[in-house]
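Structure first, then comments.
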Amino acid sequence: MRIRNTIHDSIVDGPGLRYVVFTQGCPHRCPGCHNPETHDPNSGQEVAVEAIIADMLNNPLTDGLTLTGGEPFLQAEDCAVLARAAHDAGLNVWCYSGWTLEELQAMPETEVLLREIDVLVDGPYIEAQRSLTLNWRGSENQRVISFREEQ
């Protein structure tokens, strides 16, 4: 799996203490993106999915996994494996995408990951709609979509 990096104890990428995987590669290239270093699909580092899972499960205080980027849906199968491992460990799974849910649902290759996430934050970051008052998202066009009853 190609990633930029991971964070072991984020409190800004979803509720609780989160393990965050920043995937490498993003076609959206949103102006004002706060992770522009994740855009180039050839940058970052190759890391075995099993190594990421082991690292994620190393902290018993972790509440959830957040997949962000870059664009996690470019690596949907690997991200789905991470999400299943998180669920098996009792963690919730959040995912950020520059595509809308409707766009993702029209791409068959994204289904494997869509089935595994609890919350999707969708849509491109639009700098003109930026707001610091929004929970879990950067611009007003983005939606926080829950697929599960309990988070």
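By order of appearance in the structure tokens: chains A, B, ..., then residues from 1 within every chain, and ligands from 1 in the order shown.
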
message: When you look at region 1-9 of chain A with a cut-off of 10 Å (counting only C-alpha atoms), what residues show up, excluding the ones that are within fewer than 3 positions of it in the same chain? I need them as JSON, numbers by chain.
response: {"A": [12, 13, 16, 17, 18, 19, 20, 21, 22, 23, 24, 25, 35, 37, 38, 39, 40, 41, 42, 43, 44, 45, 46, 47, 48, 49, 50, 52, 55, 56, 57, 58, 59, 61, 62, 63, 64, 65, 66, 67, 68, 69, 70, 72, 75, 77, 78, 79]}

- prompt: So which residues touch region 91-104 of chain A within 8 Å, counting only C-alpha atoms, skipping near sequence neighbours fewer than 2 positions away, as an NGL selection string?
  reply: :A and (14 or 28 or 62-69 or 71-73 or 83 or 86-89 or 106-108 or 110-111 or 116-125 or 151)
